[in-house]
>>> print(open('my_file_33.csv').read())   # CSV, C-alpha atoms
chain,number,residue,atom,x,y,z
A,1,ALA,CA,-8.7,34.6,41.3
A,2,ALA,CA,-6.9,32.8,38.6
A,3,ARG,CA,-4.8,35.8,37.9
A,4,ARG,CA,-3.8,36.2,41.5
A,5,THR,CA,-2.8,32.5,41.9
A,6,LEU,CA,-0.9,32.4,38.6
A,7,PRO,CA,2.3,34.2,39.8
A,8,ALA,CA,2.4,32.2,43.0
A,9,MET,CA,1.9,28.9,41.3
A,10,GLY,CA,4.4,29.9,38.6
A,11,GLU,CA,7.0,30.8,41.2
A,12,GLU,CA,6.8,27.3,42.6
A,13,GLN,CA,7.7,25.8,39.3
A,14,LEU,CA,11.4,25.2,38.9
A,15,PRO,CA,12.9,26.1,35.5
A,16,ARG,CA,13.0,23.1,33.3
A,17,PRO,CA,16.4,21.8,32.1
A,18,ALA,CA,17.3,22.1,28.5
A,19,ALA,CA,17.0,18.4,28.0
A,20,SER,CA,13.3,18.5,28.7
A,21,ALA,CA,12.5,20.4,25.5
A,22,PRO,CA,10.3,18.5,23.1
A,23,GLY,CA,12.3,15.6,21.7
A,24,ALA,CA,15.5,16.4,23.5
A,25,GLU,CA,15.5,13.4,25.8
A,26,GLN,CA,14.7,11.2,22.9
A,27,SER,CA,17.5,12.7,20.8
A,28,LYS,CA,20.0,12.4,23.7
A,29,SER,CA,19.4,8.7,24.0
A,30,ARG,CA,19.8,8.1,20.3
A,31,GLY,CA,23.6,8.0,20.2
A,32,ARG,CA,25.6,8.8,17.1
A,33,ARG,CA,23.8,9.6,13.8
A,34,VAL,CA,24.6,8.3,10.3
A,35,PRO,CA,24.2,10.8,7.4
A,36,VAL,CA,21.4,10.1,4.9
A,37,TRP,CA,23.8,9.4,2.1
A,38,ALA,CA,25.8,6.9,4.2
A,39,ARG,CA,22.5,5.1,5.2
A,40,PHE,CA,21.6,4.9,1.5
A,41,LEU,CA,25.0,3.3,0.8
A,42,ILE,CA,24.6,0.9,3.6
A,43,GLU,CA,21.2,-0.2,2.4
A,44,VAL,CA,22.3,-0.5,-1.3
A,45,THR,CA,25.5,-2.4,-0.6
A,46,PRO,CA,23.8,-5.9,-0.1
A,47,THR,CA,22.0,-5.5,-3.5
A,48,VAL,CA,25.3,-4.6,-5.2
A,49,ILE,CA,26.9,-7.7,-3.7
A,50,PHE,CA,24.0,-9.9,-4.9
A,51,LEU,CA,24.1,-8.6,-8.5
A,52,ALA,CA,27.9,-9.0,-8.7
A,53,LEU,CA,27.8,-12.6,-7.4
A,54,PHE,CA,24.7,-13.5,-9.5
A,55,TYR,CA,26.3,-12.5,-12.8
A,56,THR,CA,29.8,-13.9,-12.0
A,57,TYR,CA,29.5,-16.9,-9.7
A,58,SER,CA,28.0,-19.6,-12.0
A,59,GLU,CA,26.1,-20.1,-15.2
A,60,ASP,CA,23.7,-22.3,-13.3
A,61,ARG,CA,20.9,-19.8,-12.4
A,62,ILE,CA,19.7,-21.7,-9.3
A,63,GLN,CA,23.2,-22.0,-7.8
A,64,ALA,CA,23.8,-18.3,-8.6
A,65,ILE,CA,20.6,-17.3,-6.9
A,66,ILE,CA,21.3,-19.3,-3.8
A,67,VAL,CA,24.9,-18.2,-3.3
A,68,ALA,CA,24.1,-14.5,-4.1
A,69,SER,CA,21.1,-14.5,-1.8
A,70,VAL,CA,23.1,-16.0,1.1
A,71,CYS,CA,25.9,-13.5,0.7
A,72,GLU,CA,23.3,-10.7,0.4
A,73,ALA,CA,21.6,-11.8,3.7
A,74,GLY,CA,25.0,-12.1,5.4
A,75,SER,CA,26.2,-8.7,4.3
A,76,SER,CA,22.8,-7.1,5.3
A,77,ALA,CA,23.1,-8.7,8.8
A,78,VAL,CA,26.6,-7.5,9.3
A,79,LEU,CA,25.9,-4.0,8.2
A,80,GLY,CA,22.7,-3.9,10.3
A,81,LEU,CA,24.6,-5.0,13.4
A,82,ALA,CA,27.3,-2.4,12.8
A,83,PHE,CA,24.6,0.3,12.3
A,84,TYR,CA,22.9,-0.7,15.6
A,85,LEU,CA,26.2,-0.7,17.5
A,86,TYR,CA,27.0,2.8,16.2
A,87,THR,CA,23.6,4.5,16.5
A,88,ARG,CA,21.8,2.3,19.1
A,89,LEU,CA,18.8,2.3,16.7
A,90,VAL,CA,17.2,-0.9,15.4
A,91,PRO,CA,17.9,-1.1,11.6
A,92,TRP,CA,14.5,-2.5,10.6
A,93,LEU,CA,15.1,-2.2,6.8
A,94,MET,CA,18.3,-4.2,7.2
A,95,ILE,CA,16.5,-6.8,9.3
A,96,GLU,CA,13.8,-7.0,6.6
A,97,GLY,CA,16.5,-7.4,3.9
A,98,THR,CA,18.3,-10.2,5.8
A,99,VAL,CA,15.1,-12.2,6.4
A,100,PHE,CA,13.9,-11.6,2.8
A,101,SER,CA,17.2,-12.8,1.2
A,102,ALA,CA,17.6,-15.8,3.6
A,103,LEU,CA,14.1,-16.9,2.9
A,104,SER,CA,14.6,-16.6,-0.9
A,105,ALA,CA,17.8,-18.6,-0.7
A,106,GLY,CA,16.2,-21.3,1.4
A,107,LEU,CA,13.1,-21.8,-0.7
A,108,THR,CA,15.1,-21.7,-4.0
A,109,TYR,CA,17.4,-24.4,-2.6
A,110,ALA,CA,14.5,-26.5,-1.3
A,111,PHE,CA,12.5,-26.4,-4.6
A,112,GLN,CA,15.4,-26.1,-6.9
A,113,SER,CA,13.4,-23.5,-8.9
A,114,ASP,CA,13.6,-19.8,-9.4
A,115,LEU,CA,9.8,-19.5,-9.3
A,116,TRP,CA,9.7,-18.6,-5.6
A,117,PHE,CA,12.5,-16.1,-6.1
A,118,LYS,CA,10.4,-14.3,-8.7
A,119,MET,CA,7.1,-14.6,-6.8
A,120,SER,CA,8.6,-13.5,-3.5
A,121,ARG,CA,8.6,-9.8,-4.5
A,122,THR,CA,4.9,-10.1,-5.1
A,123,VAL,CA,3.9,-12.3,-2.1
A,124,ILE,CA,6.0,-10.8,0.7
A,125,PRO,CA,5.3,-7.0,0.0
A,126,GLY,CA,1.7,-7.7,-0.8
A,127,ALA,CA,1.1,-9.7,2.4
A,128,ALA,CA,3.0,-7.1,4.5
A,129,ALA,CA,0.9,-4.3,3.0
A,130,ILE,CA,-2.4,-6.1,3.7
A,131,ALA,CA,-1.4,-7.0,7.2
A,132,GLY,CA,-0.3,-3.4,7.9
A,133,LEU,CA,-3.6,-2.0,6.7
A,134,LEU,CA,-5.6,-4.5,8.7
A,135,LEU,CA,-3.6,-3.8,11.9
A,136,LEU,CA,-4.0,0.0,11.3
A,137,TRP,CA,-7.7,-0.6,11.1
A,138,ARG,CA,-7.4,-2.2,14.5
A,139,LYS,CA,-5.5,0.9,15.8
A,140,HIS,CA,-2.0,-0.8,15.6
A,141,ASN,CA,0.5,1.2,13.6
A,142,LEU,CA,3.5,-1.1,12.7
A,143,LEU,CA,5.4,1.8,11.1
A,144,GLN,CA,5.1,3.9,14.2
A,145,MET,CA,6.2,0.9,16.4
A,146,ALA,CA,9.3,0.4,14.3
A,147,PHE,CA,10.4,4.0,13.4
A,148,GLU,CA,9.2,6.2,16.2
A,149,PRO,CA,12.7,6.4,17.7
A,150,TYR,CA,13.9,7.9,14.4
A,151,TYR,CA,11.3,10.7,14.1
A,152,ALA,CA,10.4,12.5,17.3
A,153,ASN,CA,7.4,14.8,17.7
A,154,LEU,CA,5.3,13.4,14.9
A,155,ALA,CA,1.6,13.8,15.2
A,156,GLN,CA,-0.5,10.6,15.3
A,157,GLU,CA,-2.4,11.4,12.1
A,158,GLY,CA,1.0,11.7,10.4
A,159,TRP,CA,2.0,8.2,11.4
A,160,ASP,CA,-1.4,6.8,10.2
A,161,TRP,CA,-1.1,8.7,6.9
A,162,LEU,CA,2.5,7.4,6.4
A,163,MET,CA,1.4,3.8,7.2
A,164,ARG,CA,-1.3,3.9,4.5
A,165,ALA,CA,1.1,5.5,2.0
A,166,VAL,CA,3.8,2.8,2.6
A,167,CYS,CA,1.2,0.0,2.3
A,168,TYR,CA,-0.1,1.4,-1.0
A,169,TYR,CA,3.5,1.7,-2.3
A,170,GLN,CA,4.2,-1.9,-1.5
A,171,LEU,CA,1.0,-3.0,-3.2
A,172,ALA,CA,2.0,-1.1,-6.3
A,173,LEU,CA,5.4,-2.7,-6.4
A,174,ALA,CA,3.9,-6.1,-5.9
A,175,ALA,CA,1.6,-5.5,-8.8
A,176,VAL,CA,4.4,-4.3,-11.1
A,177,ASN,CA,6.5,-7.4,-10.1
A,178,GLU,CA,3.7,-9.8,-10.9
A,179,ALA,CA,3.2,-8.3,-14.3
A,180,LEU,CA,6.9,-8.2,-15.1
A,181,TRP,CA,8.1,-11.7,-14.1
A,182,ARG,CA,5.3,-13.3,-16.2
A,183,SER,CA,6.1,-11.3,-19.3
A,184,VAL,CA,9.8,-10.6,-19.6
A,185,PRO,CA,13.0,-12.8,-19.5
A,186,PHE,CA,14.6,-13.4,-16.1
A,187,ASP,CA,17.6,-11.2,-16.5
A,188,VAL,CA,15.5,-8.3,-17.7
A,189,TRP,CA,13.0,-8.8,-14.8
A,190,LEU,CA,15.9,-8.9,-12.2
A,191,ALA,CA,17.6,-5.7,-13.5
A,192,VAL,CA,14.3,-3.8,-13.8
A,193,MET,CA,12.9,-4.8,-10.4
A,194,ARG,CA,16.2,-4.1,-8.6
A,195,GLY,CA,16.5,-0.7,-10.3
A,196,ILE,CA,12.9,0.2,-9.9
A,197,GLY,CA,12.9,-0.8,-6.3
A,198,TYR,CA,15.7,1.6,-5.2
A,199,ALA,CA,14.7,4.4,-7.6
A,200,THR,CA,11.1,4.4,-6.4
A,201,SER,CA,12.3,4.1,-2.8
A,202,VAL,CA,14.4,7.2,-3.1
A,203,ALA,CA,11.5,9.1,-4.8
A,204,PHE,CA,9.1,7.9,-2.2
A,205,GLY,CA,11.4,9.1,0.6
A,206,LEU,CA,12.1,12.5,-0.9
A,207,PHE,CA,8.7,13.4,-2.2
A,208,VAL,CA,6.3,11.6,0.1
A,209,PHE,CA,7.9,10.4,3.4
A,210,ALA,CA,10.1,13.4,4.2
A,211,PRO,CA,7.5,16.2,3.4
A,212,THR,CA,4.9,14.3,5.4
A,213,VAL,CA,7.2,14.0,8.4
A,214,VAL,CA,8.0,17.7,8.3
A,215,HIS,CA,4.4,18.7,7.9
A,216,TYR,CA,3.0,16.6,10.8
A,217,GLN,CA,5.9,17.6,13.1
A,218,ARG,CA,4.8,21.2,12.5
A,219,VAL,CA,1.2,20.3,13.2
A,220,LEU,CA,2.2,18.8,16.5
A,221,ARG,CA,4.3,21.8,17.5
A,222,ALA,CA,1.5,24.1,16.7
A,223,THR,CA,-0.9,22.3,19.0
A,224,ARG,CA,1.5,22.4,22.0
A,225,PRO,CA,1.8,25.2,24.6
A,226,PRO,CA,4.7,27.6,24.0
A,227,PRO,CA,8.0,26.1,25.3
A,228,SER,CA,8.7,29.4,27.1
A,229,ALA,CA,5.8,28.9,29.4
A,230,ARG,CA,7.0,28.0,32.9
A,231,ASN,CA,3.8,26.2,33.8
A,232,PRO,CA,1.8,25.3,30.7
A,233,ALA,CA,-1.0,23.6,32.6
A,234,VAL,CA,-1.7,26.8,34.7
A,235,VAL,CA,-1.6,29.0,31.6
A,236,ALA,CA,-4.1,26.7,29.9
A,237,VAL,CA,-6.5,27.0,32.9
A,238,VAL,CA,-6.2,30.8,32.9
A,239,ILE,CA,-7.0,31.0,29.2
A,240,GLU,CA,-10.0,28.7,29.4
A,241,ARG,CA,-11.6,30.2,32.6
A,242,ALA,CA,-13.6,33.4,32.4
A,243,PRO,CA,-12.1,36.5,34.0
>>> encode(input="my_file_33.csv", output="structure tokens")
Amino acid sequence: AARRTLPAMGEEQLPRPAASAPGAEQSKSRGRRVPVWARFLIEVTPTVIFLALFYTYSEDRIQAIIVASVCEAGSSAVLGLAFYLYTRLVPWLMIEGTVFSALSAGLTYAFQSDLWFKMSRTVIPGAAAIAGLLLLWRKHNLLQMAFEPYYANLAQEGWDWLMRAVCYYQLALAAVNEALWRSVPFDVWLAVMRGIGYATSVAFGLFVFAPTVVHYQRVLRATRPPPSARNPAVVAVVIERAP
């Protein structure tokens, strides 16, 4: 019976438009894309501005931190807005950088001390990692909420694995920062942490994040019905039912 009804039911199904292919509708709504190398330059530009101003603006360390952090926050906000207007995607990393730099500048000005500036790279990543793991335990994936528009067709277990990996990476950076700022001079700490931060971010993206995304996109595609099937629901019923 199932074999007799399959052609009739299949004929009633209209051919699907090309935009209904997996991820096509989502890709269509994304707008223009920015190459990976250009995104890296956009994200590293605020740090370059910070370092340039910090070492040239003033010999007073507190004033140099405040001015450089304010300019870093401003440049991050402007670049993030330009990125959003061009791609229509929320630049979460730029938003994080803006808030981080503005908070560092405000607290350094309020306490007139560089202590918070040094501790911030322990407190903020560590707190964010712990909060992310706790929310993941409660079945809320912050990484998926923020970056799902960027990566279509990623299996849920892939999002969960990536969230844990990002949290562990942030905890490792927080531990390295805590050990360094207590044991080395300020200028050495600043150069090392800024350098380590971007070097490890690139390594994490190339050797952890990107391979994981590709793997779990393949996992999701392997579990879906063939895209050539005109009526996947009917095909699934025919396969499961006994002849």
>>> closest_residue(input="my_file_33.csv", among="A:Arg61, A:Trp137, A:Arg221, A:Thr56", to="Asp187 of chain A", atoms="only C-alpha atoms")
A:Arg61
>>> residues_around(input="my_file_33.csv", residues="Gly106 of chain A", least_positions_apart="3", cutoff="12 Å", atoms="all atoms listed in the file", output="list in words")
Ile62, Gln63, Ile65, Ile66, Val67, Ala68, Ser69, Val70, Ala73, Val99, Phe100, Ser101, Ala102, Leu103, Tyr109, Ala110, Phe111, Gln112, Ser113, Asp114, Trp116, Phe117 and Ser120 of chain A
>>> atom_distance(input="my_file_33.csv", atom1="atom CA of Ile196 of chain A", atom2="atom CA of Val176 of chain A")
9.7 Å
>>> closest_residue(input="my_file_33.csv", among="A:Gly126, A:Gly132, A:Pro185, A:Gly195", to="Gln170 of chain A", atoms="all atoms listed in the file")
A:Gly126
>>> atom_distance(input="my_file_33.csv", atom1="atom CA of Ala77 of chain A", atom2="atom CA of Ile95 of chain A")
6.9 Å
>>> residues_around(input="my_file_33.csv", residues="Leu173 of chain A", least_positions_apart="3", cutoff="10 Å", atoms="all atoms listed in the file", output="list of chain:residue names")
A:Arg121, A:Thr122, A:Pro125, A:Gly126, A:Tyr168, A:Tyr169, A:Gln170, A:Val176, A:Asn177, A:Glu178, A:Ala179, A:Met193, A:Ile196, A:Gly197, A:Thr200
>>> closest_residue(input="my_file_33.csv", among="A:Met163, A:Leu41, A:Leu154, A:Ala105", to="Leu142 of chain A", atoms="all atoms listed in the file")
A:Met163
>>> closest_residue(input="my_file_33.csv", among="A:Leu134, A:Ala82, A:Ala152, A:Met94", to="Val214 of chain A", atoms="all atoms listed in the file")
A:Ala152
>>> closest_residue(input="my_file_33.csv", among="A:Trp159, A:Tyr198, A:Tyr216, A:Tyr150", to="Thr87 of chain A", atoms="all atoms listed in the file")
A:Tyr150
>>> decode(input="my_file_33.csv", residues="segment 65-87 of chain A", atoms="N, CA, C and O atoms", output="PDB file, in the first residue's frame")
ATOM      1  N   ILE A  65      46.900  54.528  30.163  1.00  0.00           N
ATOM      2  CA  ILE A  65      45.922  53.435  30.127  1.00  0.00           C
ATOM      3  C   ILE A  65      44.531  53.981  29.828  1.00  0.00           C
ATOM      4  O   ILE A  65      43.782  53.427  29.005  1.00  0.00           O
ATOM      5  N   ILE A  66      44.153  55.070  30.494  1.00  0.00           N
ATOM      6  CA  ILE A  66      42.810  55.622  30.320  1.00  0.00           C
ATOM      7  C   ILE A  66      42.596  56.083  28.884  1.00  0.00           C
ATOM      8  O   ILE A  66      41.600  55.721  28.232  1.00  0.00           O
ATOM      9  N   VAL A  67      43.515  56.894  28.375  1.00  0.00           N
ATOM     10  CA  VAL A  67      43.361  57.432  27.021  1.00  0.00           C
ATOM     11  C   VAL A  67      43.399  56.308  25.984  1.00  0.00           C
ATOM     12  O   VAL A  67      42.569  56.260  25.066  1.00  0.00           O
ATOM     13  N   ALA A  68      44.338  55.382  26.118  1.00  0.00           N
ATOM     14  CA  ALA A  68      44.453  54.297  25.148  1.00  0.00           C
ATOM     15  C   ALA A  68      43.223  53.381  25.190  1.00  0.00           C
ATOM     16  O   ALA A  68      42.738  52.938  24.141  1.00  0.00           O
ATOM     17  N   SER A  69      42.700  53.124  26.387  1.00  0.00           N
ATOM     18  CA  SER A  69      41.522  52.263  26.502  1.00  0.00           C
ATOM     19  C   SER A  69      40.280  52.934  25.918  1.00  0.00           C
ATOM     20  O   SER A  69      39.456  52.276  25.268  1.00  0.00           O
ATOM     21  N   VAL A  70      40.122  54.247  26.148  1.00  0.00           N
ATOM     22  CA  VAL A  70      38.979  54.965  25.578  1.00  0.00           C
ATOM     23  C   VAL A  70      39.041  54.940  24.054  1.00  0.00           C
ATOM     24  O   VAL A  70      38.029  54.681  23.375  1.00  0.00           O
ATOM     25  N   CYS A  71      40.209  55.182  23.489  1.00  0.00           N
ATOM     26  CA  CYS A  71      40.356  55.147  22.033  1.00  0.00           C
ATOM     27  C   CYS A  71      40.152  53.731  21.488  1.00  0.00           C
ATOM     28  O   CYS A  71      39.587  53.543  20.403  1.00  0.00           O
ATOM     29  N   GLU A  72      40.612  52.736  22.239  1.00  0.00           N
ATOM     30  CA  GLU A  72      40.393  51.347  21.817  1.00  0.00           C
ATOM     31  C   GLU A  72      38.906  51.018  21.800  1.00  0.00           C
ATOM     32  O   GLU A  72      38.408  50.398  20.851  1.00  0.00           O
ATOM     33  N   ALA A  73      38.189  51.445  22.840  1.00  0.00           N
ATOM     34  CA  ALA A  73      36.746  51.202  22.882  1.00  0.00           C
ATOM     35  C   ALA A  73      36.029  51.923  21.743  1.00  0.00           C
ATOM     36  O   ALA A  73      35.135  51.363  21.090  1.00  0.00           O
ATOM     37  N   GLY A  74      36.423  53.176  21.488  1.00  0.00           N
ATOM     38  CA  GLY A  74      35.786  53.926  20.412  1.00  0.00           C
ATOM     39  C   GLY A  74      36.033  53.317  19.044  1.00  0.00           C
ATOM     40  O   GLY A  74      35.100  53.192  18.233  1.00  0.00           O
ATOM     41  N   SER A  75      37.262  52.935  18.770  1.00  0.00           N
ATOM     42  CA  SER A  75      37.568  52.333  17.471  1.00  0.00           C
ATOM     43  C   SER A  75      36.865  50.989  17.307  1.00  0.00           C
ATOM     44  O   SER A  75      36.381  50.661  16.220  1.00  0.00           O
ATOM     45  N   SER A  76      36.784  50.223  18.390  1.00  0.00           N
ATOM     46  CA  SER A  76      36.082  48.935  18.326  1.00  0.00           C
ATOM     47  C   SER A  76      34.600  49.133  18.045  1.00  0.00           C
ATOM     48  O   SER A  76      33.996  48.397  17.257  1.00  0.00           O
ATOM     49  N   ALA A  77      34.001  50.166  18.660  1.00  0.00           N
ATOM     50  CA  ALA A  77      32.584  50.445  18.431  1.00  0.00           C
ATOM     51  C   ALA A  77      32.336  50.889  16.994  1.00  0.00           C
ATOM     52  O   ALA A  77      31.379  50.447  16.344  1.00  0.00           O
ATOM     53  N   VAL A  78      33.192  51.775  16.470  1.00  0.00           N
ATOM     54  CA  VAL A  78      33.016  52.264  15.099  1.00  0.00           C
ATOM     55  C   VAL A  78      33.189  51.134  14.087  1.00  0.00           C
ATOM     56  O   VAL A  78      32.383  50.975  13.155  1.00  0.00           O
ATOM     57  N   LEU A  79      34.226  50.310  14.260  1.00  0.00           N
ATOM     58  CA  LEU A  79      34.451  49.200  13.344  1.00  0.00           C
ATOM     59  C   LEU A  79      33.334  48.156  13.442  1.00  0.00           C
ATOM     60  O   LEU A  79      32.919  47.578  12.435  1.00  0.00           O
ATOM     61  N   GLY A  80      32.852  47.925  14.672  1.00  0.00           N
ATOM     62  CA  GLY A  80      31.745  46.987  14.834  1.00  0.00           C
ATOM     63  C   GLY A  80      30.481  47.470  14.148  1.00  0.00           C
ATOM     64  O   GLY A  80      29.756  46.691  13.516  1.00  0.00           O
ATOM     65  N   LEU A  81      30.196  48.765  14.244  1.00  0.00           N
ATOM     66  CA  LEU A  81      29.024  49.323  13.574  1.00  0.00           C
ATOM     67  C   LEU A  81      29.161  49.220  12.059  1.00  0.00           C
ATOM     68  O   LEU A  81      28.199  48.859  11.356  1.00  0.00           O
ATOM     69  N   ALA A  82      30.351  49.522  11.545  1.00  0.00           N
ATOM     70  CA  ALA A  82      30.574  49.403  10.102  1.00  0.00           C
ATOM     71  C   ALA A  82      30.415  47.953   9.637  1.00  0.00           C
ATOM     72  O   ALA A  82      29.831  47.683   8.574  1.00  0.00           O
ATOM     73  N   PHE A  83      30.914  47.010  10.434  1.00  0.00           N
ATOM     74  CA  PHE A  83      30.780  45.593  10.103  1.00  0.00           C
ATOM     75  C   PHE A  83      29.308  45.189  10.054  1.00  0.00           C
ATOM     76  O   PHE A  83      28.870  44.486   9.138  1.00  0.00           O
ATOM     77  N   TYR A  84      28.532  45.663  11.028  1.00  0.00           N
ATOM     78  CA  TYR A  84      27.103  45.317  11.051  1.00  0.00           C
ATOM     79  C   TYR A  84      26.368  45.911   9.855  1.00  0.00           C
ATOM     80  O   TYR A  84      25.535  45.242   9.223  1.00  0.00           O
ATOM     81  N   LEU A  85      26.646  47.173   9.526  1.00  0.00           N
ATOM     82  CA  LEU A  85      25.973  47.812   8.398  1.00  0.00           C
ATOM     83  C   LEU A  85      26.320  47.130   7.079  1.00  0.00           C
ATOM     84  O   LEU A  85      25.495  47.092   6.149  1.00  0.00           O
ATOM     85  N   TYR A  86      27.521  46.585   6.983  1.00  0.00           N
ATOM     86  CA  TYR A  86      27.956  45.943   5.747  1.00  0.00           C
ATOM     87  C   TYR A  86      27.417  44.520   5.618  1.00  0.00           C
ATOM     88  O   TYR A  86      27.026  44.093   4.525  1.00  0.00           O
ATOM     89  N   THR A  87      27.404  43.772   6.726  1.00  0.00           N
ATOM     90  CA  THR A  87      27.048  42.351   6.666  1.00  0.00           C
ATOM     91  C   THR A  87      25.688  42.026   7.260  1.00  0.00           C
ATOM     92  O   THR A  87      25.156  40.942   7.034  1.00  0.00           O
TER      93      THR A  87
END
